[in-house]
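query17.txt follows; it contains compact mmCIF, C-alpha atoms.
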```
# COMPACT_ATOMS: atom_id res chain seq x y z
CA ALA A 112 73.19 97.39 90.91
CA GLY A 113 74.91 94.66 89.01
CA GLN A 114 76.58 96.86 86.36
CA ARG A 115 80.38 96.62 86.48
CA ASP A 116 83.15 98.36 84.51
CA ALA A 117 85.65 95.52 84.59
CA THR A 118 89.37 96.29 84.37
CA SER A 119 90.70 93.32 86.39
CA ALA A 120 89.75 89.71 86.89
CA ILE A 121 89.62 86.97 89.52
CA PHE A 122 91.30 83.67 88.62
CA VAL A 123 91.19 80.25 90.23
CA VAL A 124 94.00 77.72 90.03
CA GLY A 125 93.36 73.98 89.85
CA ALA A 126 94.76 72.13 92.87
CA ASP A 127 95.62 69.12 90.71
CA ASP A 128 96.95 70.63 87.48
CA GLY A 129 97.94 74.14 88.61
CA VAL A 130 96.17 75.65 85.63
CA ALA A 131 94.76 79.14 86.16
CA ARG A 132 91.46 80.12 84.61
CA GLN A 133 89.53 83.34 84.75
CA LEU A 134 86.41 83.05 86.86
CA VAL A 135 84.96 86.54 86.74
CA GLU A 136 85.88 90.12 85.87
CA CYS A 137 86.23 92.77 88.54
CA SER A 138 86.69 96.55 88.28
CA ASN A 139 89.26 96.87 91.09
CA ILE A 140 90.97 93.69 92.22
CA GLN A 141 92.31 95.32 95.40
CA ARG A 142 88.76 96.02 96.57
CA CYS A 143 87.01 92.89 95.31
CA ALA A 144 88.01 90.89 98.41
CA PRO A 145 86.84 87.47 97.12
CA PHE A 146 85.90 84.74 99.58
CA TRP A 147 84.54 81.21 99.19
CA SER A 148 81.41 79.71 100.61
CA PRO A 149 82.15 76.91 103.12
CA ASP A 150 81.24 74.22 100.58
CA GLY A 151 83.43 75.76 97.88
CA ALA A 152 80.53 75.99 95.46
CA THR A 153 80.29 79.78 95.31
CA LEU A 154 82.76 82.65 95.23
CA PHE A 155 81.58 85.97 96.66
CA PHE A 156 83.21 89.30 95.83
CA THR A 157 82.42 92.99 96.06
CA ASP A 158 82.54 95.47 93.21
CA GLY A 159 81.47 99.09 93.41
CA GLY A 160 79.89 98.58 96.83
CA THR A 161 77.79 95.63 95.64
CA LEU A 162 78.26 92.00 96.66
CA PHE A 163 78.20 89.42 93.87
CA ALA A 164 78.17 85.61 93.85
CA VAL A 165 79.58 83.46 91.07
CA PRO A 166 79.51 79.64 90.81
CA ALA A 167 82.87 77.93 91.28
CA GLY A 168 82.60 76.63 87.73
CA GLY A 169 82.09 80.11 86.32
CA GLY A 170 79.07 81.70 84.71
CA VAL A 171 76.77 84.58 85.53
CA ALA A 172 77.56 86.52 88.71
CA PRO A 173 74.25 87.87 90.05
CA ALA A 174 74.24 90.76 92.50
CA VAL A 175 73.45 89.71 96.06
CA GLY A 176 73.00 93.27 97.36
CA ALA A 177 74.75 96.43 98.49
CA ALA A 178 77.20 95.56 101.27
CA ALA A 179 80.41 96.92 102.78
CA GLU A 180 82.92 94.51 104.35
CA PRO A 181 80.67 91.45 103.91
CA GLN A 182 81.45 88.38 106.02
CA LEU A 183 79.87 84.98 105.41
CA SER A 184 78.70 83.03 108.45
CA PRO A 185 80.48 79.73 109.20
CA ASP A 186 77.52 77.70 107.92
CA GLY A 187 77.34 79.78 104.75
CA ARG A 188 73.71 80.75 105.29
CA GLN A 189 74.03 84.40 106.35
CA ILE A 190 76.15 87.44 105.54
CA ALA A 191 77.06 90.13 108.06
CA TYR A 192 77.89 93.47 106.50
CA LEU A 193 78.07 97.20 107.16
CA GLY A 194 75.64 99.75 105.85
CA PRO A 195 76.49 103.35 104.85
CA SER A 196 78.53 105.46 107.26
CA PRO A 197 78.78 105.22 110.24
CA GLY A 198 78.65 101.52 109.38
CA ASP A 199 75.60 100.08 111.10
CA LEU A 200 75.70 96.28 111.29
CA TYR A 201 73.29 94.32 109.08
CA VAL A 202 72.66 90.65 108.39
CA MET A 203 71.06 89.08 105.33
CA ASN A 204 70.64 85.62 103.87
CA ALA A 205 73.38 84.42 101.52
CA ASP A 206 71.07 84.96 98.53
CA GLY A 207 70.46 88.58 99.48
CA SER A 208 67.00 88.13 100.96
CA GLY A 209 65.87 88.95 104.48
CA ALA A 210 68.19 91.91 105.10
CA ARG A 211 67.79 93.34 108.59
CA LEU A 212 69.49 95.87 110.84
CA LEU A 213 71.24 94.04 113.65
CA ALA A 214 72.89 96.87 115.60
CA ARG A 215 73.47 100.59 115.18
CA CYS A 216 77.07 101.71 115.43
CA SER A 217 76.09 104.62 117.71
CA GLU A 218 74.57 102.13 120.16
CA LEU A 219 77.60 99.84 120.13
CA ASP A 220 79.85 102.72 121.15
CA PRO A 221 78.26 106.17 121.70
CA LEU A 222 81.72 107.74 121.43
CA GLY A 223 82.71 105.72 118.38
CA PRO A 224 81.40 107.35 115.21
CA THR A 225 82.43 104.54 112.84
CA CYS A 226 82.29 100.74 112.83
CA SER A 227 84.28 98.25 110.77
CA ARG A 228 85.59 94.67 110.51
CA PRO A 229 82.58 92.49 111.37
CA ARG A 230 83.76 88.97 112.23
CA TRP A 231 81.64 85.86 112.93
CA SER A 232 82.49 83.54 115.80
CA PRO A 233 83.13 79.91 114.74
CA ASP A 234 79.72 78.78 116.03
CA GLY A 235 77.93 81.61 114.22
CA ALA A 236 76.30 82.83 117.43
CA ARG A 237 78.31 86.06 117.84
CA ILE A 238 79.72 88.83 115.70
CA ALA A 239 82.65 91.01 116.72
CA VAL A 240 82.73 94.59 115.42
CA GLN A 241 85.47 97.21 115.71
CA THR A 242 84.55 100.78 116.66
CA GLU A 243 86.73 103.83 116.21
CA ARG A 244 86.54 107.22 117.88
CA VAL A 245 88.70 110.32 117.62
CA SER A 246 89.28 112.31 120.80
CA LYS A 247 92.80 113.66 121.32
CA GLY A 248 93.96 110.62 119.40
CA VAL A 249 92.37 107.59 117.77
CA PHE A 250 90.89 104.94 120.06
CA PHE A 251 89.56 101.53 119.08
CA SER A 252 87.22 99.13 120.83
CA VAL A 253 85.91 95.68 120.02
CA VAL A 254 82.24 94.96 120.64
CA VAL A 255 80.70 91.50 120.52
CA VAL A 256 76.99 91.20 119.74
CA ALA A 257 74.58 88.27 119.50
CA ALA A 258 73.99 87.26 115.89
CA SER A 259 70.33 86.54 116.65
CA ASP A 260 69.18 89.93 117.95
CA GLY A 261 72.20 92.26 118.11
CA ALA A 262 72.30 92.34 121.92
CA GLN A 263 75.66 93.61 123.17
CA LEU A 264 77.52 90.82 124.96
CA GLU A 265 81.02 92.18 125.55
CA LYS A 266 83.12 95.27 124.94
CA GLY A 267 86.78 96.05 125.45
CA GLY A 268 89.73 98.02 124.13
CA GLY A 269 91.71 96.89 121.12
CA ARG A 270 91.45 96.42 117.37
CA ASP A 271 91.86 93.91 114.51
CA ALA A 272 89.90 91.23 116.36
CA SER A 273 89.78 87.64 115.14
CA TRP A 274 88.34 84.41 116.52
CA THR A 275 90.23 81.25 117.38
CA ARG A 276 88.87 77.89 116.26
CA ARG A 277 87.59 77.26 119.77
CA GLY A 278 85.71 80.54 119.91
CA GLY A 279 88.20 82.67 121.79
CA LEU A 280 88.58 86.29 120.73
CA VAL A 281 92.01 87.76 120.07
CA ARG A 282 92.53 91.49 119.55
CA ARG A 283 95.46 93.82 119.28
CA ILE A 284 96.39 96.32 121.98
CA GLU A 285 98.42 99.39 121.05
CA GLU A 286 100.05 102.14 123.04
CA GLN A 287 99.44 105.81 122.40
CA PHE A 288 101.90 106.11 119.52
CA GLY A 289 100.75 103.02 117.69
CA ARG A 290 103.43 100.45 118.54
CA VAL A 291 101.94 97.02 118.94
CA ASP A 292 102.36 95.92 122.56
CA ALA A 293 100.80 92.47 122.52
CA PHE A 294 97.95 90.32 121.34
CA PHE A 295 95.44 89.43 124.03
CA SER A 296 93.00 86.56 124.14
CA GLY A 297 89.60 87.70 125.34
CA LEU A 298 88.38 91.22 125.89
CA TYR A 299 89.57 91.84 129.44
CA PRO A 300 93.25 90.97 130.03
CA THR A 301 94.20 90.80 133.68
CA TYR A 302 97.28 92.38 135.19
CA ASP A 303 98.89 88.94 135.56
CA ALA A 304 98.26 88.10 131.91
CA TYR A 305 99.74 91.42 130.87
CA GLN A 306 102.85 90.87 132.97
CA LYS A 307 103.42 87.40 131.54
CA LEU A 308 103.30 88.74 128.00
CA CYS A 309 105.70 91.55 128.90
CA LEU A 310 108.32 89.10 130.19
CA ALA A 311 109.09 88.13 126.61
CA ARG A 312 109.03 91.61 125.07
CA PRO A 313 109.14 95.28 126.14
CA CYS A 314 105.71 96.65 127.02
CA ARG A 315 104.53 99.96 128.33
CA PRO A 316 103.54 100.05 132.03
CA PHE A 317 100.15 98.64 132.87
CA PRO A 318 97.84 101.64 133.62
CA ALA A 319 97.58 101.98 137.39
CA GLY A 320 94.10 101.51 138.72
CA HIS A 321 92.70 100.22 135.44
CA GLY A 322 91.24 96.78 134.83
CA ASN A 323 91.96 96.95 131.10
CA VAL A 324 94.93 97.99 129.03
CA LEU A 325 92.58 100.39 127.26
CA GLU A 326 89.15 101.41 128.45
```

Spell out the structure here as structure tokens.
Amino acid sequence: AGQRDATSAIFVVGADDGVARQLVECSNIQRCAPFWSPDGATLFFTDGGTLFAVPAGGGVAPAVGAAAEPQLSPDGRQIAYLGPSPGDLYVMNADGSGARLLARCSELDPLGPTCSRPRWSPDGARIAVQTERVSKGVFFSVVVVAASDGAQLEKGGGRDASWTRRGGLVRRIEEQFGRVDAFFSGLYPTYDAYQKLCLARPCRPFPAGHGNVLE
């Protein structure tokens, strides 16, 4: 870990002078997915399946650890990430220490063989994870777990979940052929909420007898 065949680079641009300077080299810029720590002191990026951290001023970029789709907690102290397929959910300290399994993908959704897109809630107490299963089509669900012990808190249909600043969860609902119907706040949209959204745009019929758009 830590060895990189660099063919690209990450640059930062000064907010005052607009001058760009190279911060660190990266083997594949499309997969490096850089993100800042909350205090702006450290830039994290992935390269070859390994997470690295480089000071904002440049310098050595030590390896933090192997991690897929790493996400830094709002306070910058922990990193949620996915392990090898099927993408079990792990958490470690921002320096790479204390790595622990938080939840197994097979337990989040027994019918969903893969997990992706871990996302921290603004208060750092919850993590949303997307599950995907293939059964006469591709079906997605969003599962919310407690960041402390991985206990499953909520689950509902949808994909591409993100959190609002106030801690609400928004996820995308699609119809069978992939057209985006609407974005819903929360995991369980009611019939009334669905109808209100459909007043402004064409939507497929709400499934009769179902409490969710997708179950």

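CA of Phe251 (chain A) is positioned 14.2 Å from CA of Glu265 (chain A).
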
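Nearest residue to Pro181 (chain A), choosing from A:Pro221, A:Gly198, A:Gly261, A:Gly168 and counting all atoms listed in the file: A:Gly198.
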
9 Å contact set for Phe155 (chain A), all atoms listed in the file, chain neighbours under 5 positions out, as a ChimeraX atom specification:
/A:143-148,162-166,172,175,183

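Distance check against Ala191 (chain A) using only C-alpha atoms: of A:Leu222, A:Asp158, A:Ser232, A:Pro173, the minimum falls on A:Ser232.
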
Compile the contact shell of Glu218 (chain A) as JSON, numbers by chain: residues with an atom at most 12 Å away, counting only C-alpha atoms, same-chain residues fewer than 2 positions apart removed.
{"A": [197, 198, 199, 200, 213, 214, 215, 216, 220, 221, 222, 223, 224, 225, 226, 242, 254, 256, 261, 262, 263, 266]}

Between A:Ala210, A:Ile190, A:Ala272, A:Leu219, which has the minimum distance to Ala239 (chain A) (counting only C-alpha atoms)?
A:Ala272

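You will find CA of Gln182 (chain A) at 8.8 Å from CA of Arg228 (chain A).
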
Coordinates-based distance that separates CA of Arg188 (chain A) from CA of Glu243 (chain A) (Å, one decimal):
28.7 Å

Which residue, A:Thr153, A:Gln133, A:Ser259, A:Gln189, has the smallest gap to Gly209 (chain A) when you use only C-alpha atoms?
A:Gln189

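Proximity to Val171 (chain A) was assessed for A:Glu136, A:Asp186, A:Asp271, A:Asp128 counting all atoms listed in the file; the smallest distance is recorded for A:Glu136.
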
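Counting all atoms listed in the file, the residue from A:Gly278, A:Pro149, A:Pro195, A:Phe156 that sits nearest to Ala120 (chain A) is A:Phe156.
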
Considering only C-alpha atoms, return as a ChimeraX atom specification whatever protein or nucleic-acid residues lie within 7 Å of Thr161 (chain A), sequence-local ones (same chain, fewer than 5 positions apart) excluded.
/A:112,174,176-178

Write to file, as an mmCIF file, in the coordinates of the input, the residues of the selection just made, with C-alpha atoms.
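Contents of the output file selection-v5.cif:
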```cif
data_model
loop_
_atom_site.group_PDB
_atom_site.id
_atom_site.type_symbol
_atom_site.label_atom_id
_atom_site.label_comp_id
_atom_site.auth_asym_id
_atom_site.auth_seq_id
_atom_site.Cartn_x
_atom_site.Cartn_y
_atom_site.Cartn_z
ATOM 1 C CA ALA A 112 73.190 97.390 90.910
ATOM 2 C CA ALA A 174 74.240 90.760 92.500
ATOM 3 C CA GLY A 176 73.000 93.270 97.360
ATOM 4 C CA ALA A 177 74.750 96.430 98.490
ATOM 5 C CA ALA A 178 77.200 95.560 101.270
#
```

Mind rebuilding region 157-183 of chain A with N, CA, C and O atoms and writing that out as a PDB file, in the frame of the given file?
```pdb
ATOM      1  N   THR A 157      83.081  91.689  96.112  1.00  0.00           N
ATOM      2  CA  THR A 157      82.420  92.990  96.060  1.00  0.00           C
ATOM      3  C   THR A 157      82.983  93.791  94.893  1.00  0.00           C
ATOM      4  O   THR A 157      84.157  93.663  94.528  1.00  0.00           O
ATOM      5  N   ASP A 158      82.144  94.626  94.329  1.00  0.00           N
ATOM      6  CA  ASP A 158      82.540  95.470  93.210  1.00  0.00           C
ATOM      7  C   ASP A 158      81.645  96.703  93.209  1.00  0.00           C
ATOM      8  O   ASP A 158      80.422  96.576  93.097  1.00  0.00           O
ATOM      9  N   GLY A 159      82.256  97.874  93.401  1.00  0.00           N
ATOM     10  CA  GLY A 159      81.470  99.090  93.410  1.00  0.00           C
ATOM     11  C   GLY A 159      80.461  99.162  94.537  1.00  0.00           C
ATOM     12  O   GLY A 159      79.382  99.746  94.376  1.00  0.00           O
ATOM     13  N   GLY A 160      80.786  98.557  95.689  1.00  0.00           N
ATOM     14  CA  GLY A 160      79.890  98.580  96.830  1.00  0.00           C
ATOM     15  C   GLY A 160      78.783  97.551  96.777  1.00  0.00           C
ATOM     16  O   GLY A 160      77.912  97.523  97.653  1.00  0.00           O
ATOM     17  N   THR A 161      78.805  96.685  95.779  1.00  0.00           N
ATOM     18  CA  THR A 161      77.790  95.630  95.640  1.00  0.00           C
ATOM     19  C   THR A 161      78.445  94.267  95.794  1.00  0.00           C
ATOM     20  O   THR A 161      79.547  94.038  95.288  1.00  0.00           O
ATOM     21  N   LEU A 162      77.782  93.374  96.477  1.00  0.00           N
ATOM     22  CA  LEU A 162      78.260  92.000  96.660  1.00  0.00           C
ATOM     23  C   LEU A 162      77.699  91.121  95.555  1.00  0.00           C
ATOM     24  O   LEU A 162      76.503  91.158  95.269  1.00  0.00           O
ATOM     25  N   PHE A 163      78.587  90.336  94.926  1.00  0.00           N
ATOM     26  CA  PHE A 163      78.200  89.420  93.870  1.00  0.00           C
ATOM     27  C   PHE A 163      78.538  87.992  94.270  1.00  0.00           C
ATOM     28  O   PHE A 163      79.380  87.761  95.140  1.00  0.00           O
ATOM     29  N   ALA A 164      77.902  87.028  93.615  1.00  0.00           N
ATOM     30  CA  ALA A 164      78.170  85.610  93.850  1.00  0.00           C
ATOM     31  C   ALA A 164      78.283  84.904  92.506  1.00  0.00           C
ATOM     32  O   ALA A 164      77.408  85.034  91.658  1.00  0.00           O
ATOM     33  N   VAL A 165      79.371  84.174  92.322  1.00  0.00           N
ATOM     34  CA  VAL A 165      79.580  83.460  91.070  1.00  0.00           C
ATOM     35  C   VAL A 165      79.840  81.988  91.368  1.00  0.00           C
ATOM     36  O   VAL A 165      80.545  81.661  92.322  1.00  0.00           O
ATOM     37  N   PRO A 166      79.249  81.063  90.591  1.00  0.00           N
ATOM     38  CA  PRO A 166      79.510  79.640  90.810  1.00  0.00           C
ATOM     39  C   PRO A 166      80.989  79.309  90.635  1.00  0.00           C
ATOM     40  O   PRO A 166      81.689  79.963  89.856  1.00  0.00           O
ATOM     41  N   ALA A 167      81.464  78.321  91.356  1.00  0.00           N
ATOM     42  CA  ALA A 167      82.870  77.930  91.280  1.00  0.00           C
ATOM     43  C   ALA A 167      83.268  77.527  89.871  1.00  0.00           C
ATOM     44  O   ALA A 167      84.428  77.674  89.476  1.00  0.00           O
ATOM     45  N   GLY A 168      82.317  77.032  89.100  1.00  0.00           N
ATOM     46  CA  GLY A 168      82.600  76.630  87.730  1.00  0.00           C
ATOM     47  C   GLY A 168      82.529  77.752  86.735  1.00  0.00           C
ATOM     48  O   GLY A 168      82.763  77.543  85.542  1.00  0.00           O
ATOM     49  N   GLY A 169      82.212  78.971  87.210  1.00  0.00           N
ATOM     50  CA  GLY A 169      82.090  80.110  86.320  1.00  0.00           C
ATOM     51  C   GLY A 169      80.639  80.319  85.888  1.00  0.00           C
ATOM     52  O   GLY A 169      79.751  79.516  86.193  1.00  0.00           O
ATOM     53  N   GLY A 170      80.413  81.398  85.178  1.00  0.00           N
ATOM     54  CA  GLY A 170      79.070  81.700  84.710  1.00  0.00           C
ATOM     55  C   GLY A 170      78.630  83.079  85.148  1.00  0.00           C
ATOM     56  O   GLY A 170      79.451  83.938  85.469  1.00  0.00           O
ATOM     57  N   VAL A 171      77.330  83.286  85.161  1.00  0.00           N
ATOM     58  CA  VAL A 171      76.770  84.580  85.530  1.00  0.00           C
ATOM     59  C   VAL A 171      76.994  84.852  87.010  1.00  0.00           C
ATOM     60  O   VAL A 171      76.875  83.953  87.845  1.00  0.00           O
ATOM     61  N   ALA A 172      77.334  86.112  87.322  1.00  0.00           N
ATOM     62  CA  ALA A 172      77.560  86.520  88.710  1.00  0.00           C
ATOM     63  C   ALA A 172      76.463  87.482  89.121  1.00  0.00           C
ATOM     64  O   ALA A 172      76.605  88.698  88.971  1.00  0.00           O
ATOM     65  N   PRO A 173      75.347  86.982  89.655  1.00  0.00           N
ATOM     66  CA  PRO A 173      74.250  87.870  90.050  1.00  0.00           C
ATOM     67  C   PRO A 173      74.611  88.711  91.267  1.00  0.00           C
ATOM     68  O   PRO A 173      75.411  88.300  92.105  1.00  0.00           O
ATOM     69  N   ALA A 174      74.027  89.892  91.346  1.00  0.00           N
ATOM     70  CA  ALA A 174      74.240  90.760  92.500  1.00  0.00           C
ATOM     71  C   ALA A 174      73.444  90.235  93.688  1.00  0.00           C
ATOM     72  O   ALA A 174      72.269  89.913  93.565  1.00  0.00           O
ATOM     73  N   VAL A 175      74.113  90.132  94.830  1.00  0.00           N
ATOM     74  CA  VAL A 175      73.450  89.710  96.060  1.00  0.00           C
ATOM     75  C   VAL A 175      72.811  90.918  96.738  1.00  0.00           C
ATOM     76  O   VAL A 175      71.696  90.854  97.253  1.00  0.00           O
ATOM     77  N   GLY A 176      73.524  92.050  96.755  1.00  0.00           N
ATOM     78  CA  GLY A 176      73.000  93.270  97.360  1.00  0.00           C
ATOM     79  C   GLY A 176      74.118  94.215  97.736  1.00  0.00           C
ATOM     80  O   GLY A 176      75.298  93.851  97.725  1.00  0.00           O
ATOM     81  N   ALA A 177      73.758  95.446  98.056  1.00  0.00           N
ATOM     82  CA  ALA A 177      74.750  96.430  98.490  1.00  0.00           C
ATOM     83  C   ALA A 177      75.282  96.027  99.856  1.00  0.00           C
ATOM     84  O   ALA A 177      74.511  95.734 100.771  1.00  0.00           O
ATOM     85  N   ALA A 178      76.608  96.003 100.005  1.00  0.00           N
ATOM     86  CA  ALA A 178      77.200  95.560 101.270  1.00  0.00           C
ATOM     87  C   ALA A 178      78.643  96.017 101.358  1.00  0.00           C
ATOM     88  O   ALA A 178      79.406  95.872 100.406  1.00  0.00           O
ATOM     89  N   ALA A 179      79.014  96.555 102.511  1.00  0.00           N
ATOM     90  CA  ALA A 179      80.410  96.920 102.780  1.00  0.00           C
ATOM     91  C   ALA A 179      80.996  95.918 103.754  1.00  0.00           C
ATOM     92  O   ALA A 179      80.351  95.534 104.726  1.00  0.00           O
ATOM     93  N   GLU A 180      82.205  95.465 103.504  1.00  0.00           N
ATOM     94  CA  GLU A 180      82.920  94.510 104.350  1.00  0.00           C
ATOM     95  C   GLU A 180      82.067  93.274 104.668  1.00  0.00           C
ATOM     96  O   GLU A 180      81.905  92.891 105.828  1.00  0.00           O
ATOM     97  N   PRO A 181      81.513  92.623 103.659  1.00  0.00           N
ATOM     98  CA  PRO A 181      80.670  91.450 103.910  1.00  0.00           C
ATOM     99  C   PRO A 181      81.464  90.279 104.482  1.00  0.00           C
ATOM    100  O   PRO A 181      82.620  90.053 104.113  1.00  0.00           O
ATOM    101  N   GLN A 182      80.837  89.549 105.395  1.00  0.00           N
ATOM    102  CA  GLN A 182      81.450  88.380 106.020  1.00  0.00           C
ATOM    103  C   GLN A 182      80.429  87.251 106.059  1.00  0.00           C
ATOM    104  O   GLN A 182      79.353  87.400 106.637  1.00  0.00           O
ATOM    105  N   LEU A 183      80.771  86.124 105.451  1.00  0.00           N
ATOM    106  CA  LEU A 183      79.870  84.980 105.410  1.00  0.00           C
ATOM    107  C   LEU A 183      79.914  84.215 106.719  1.00  0.00           C
ATOM    108  O   LEU A 183      80.989  84.008 107.293  1.00  0.00           O
TER     109      LEU A 183
END
```
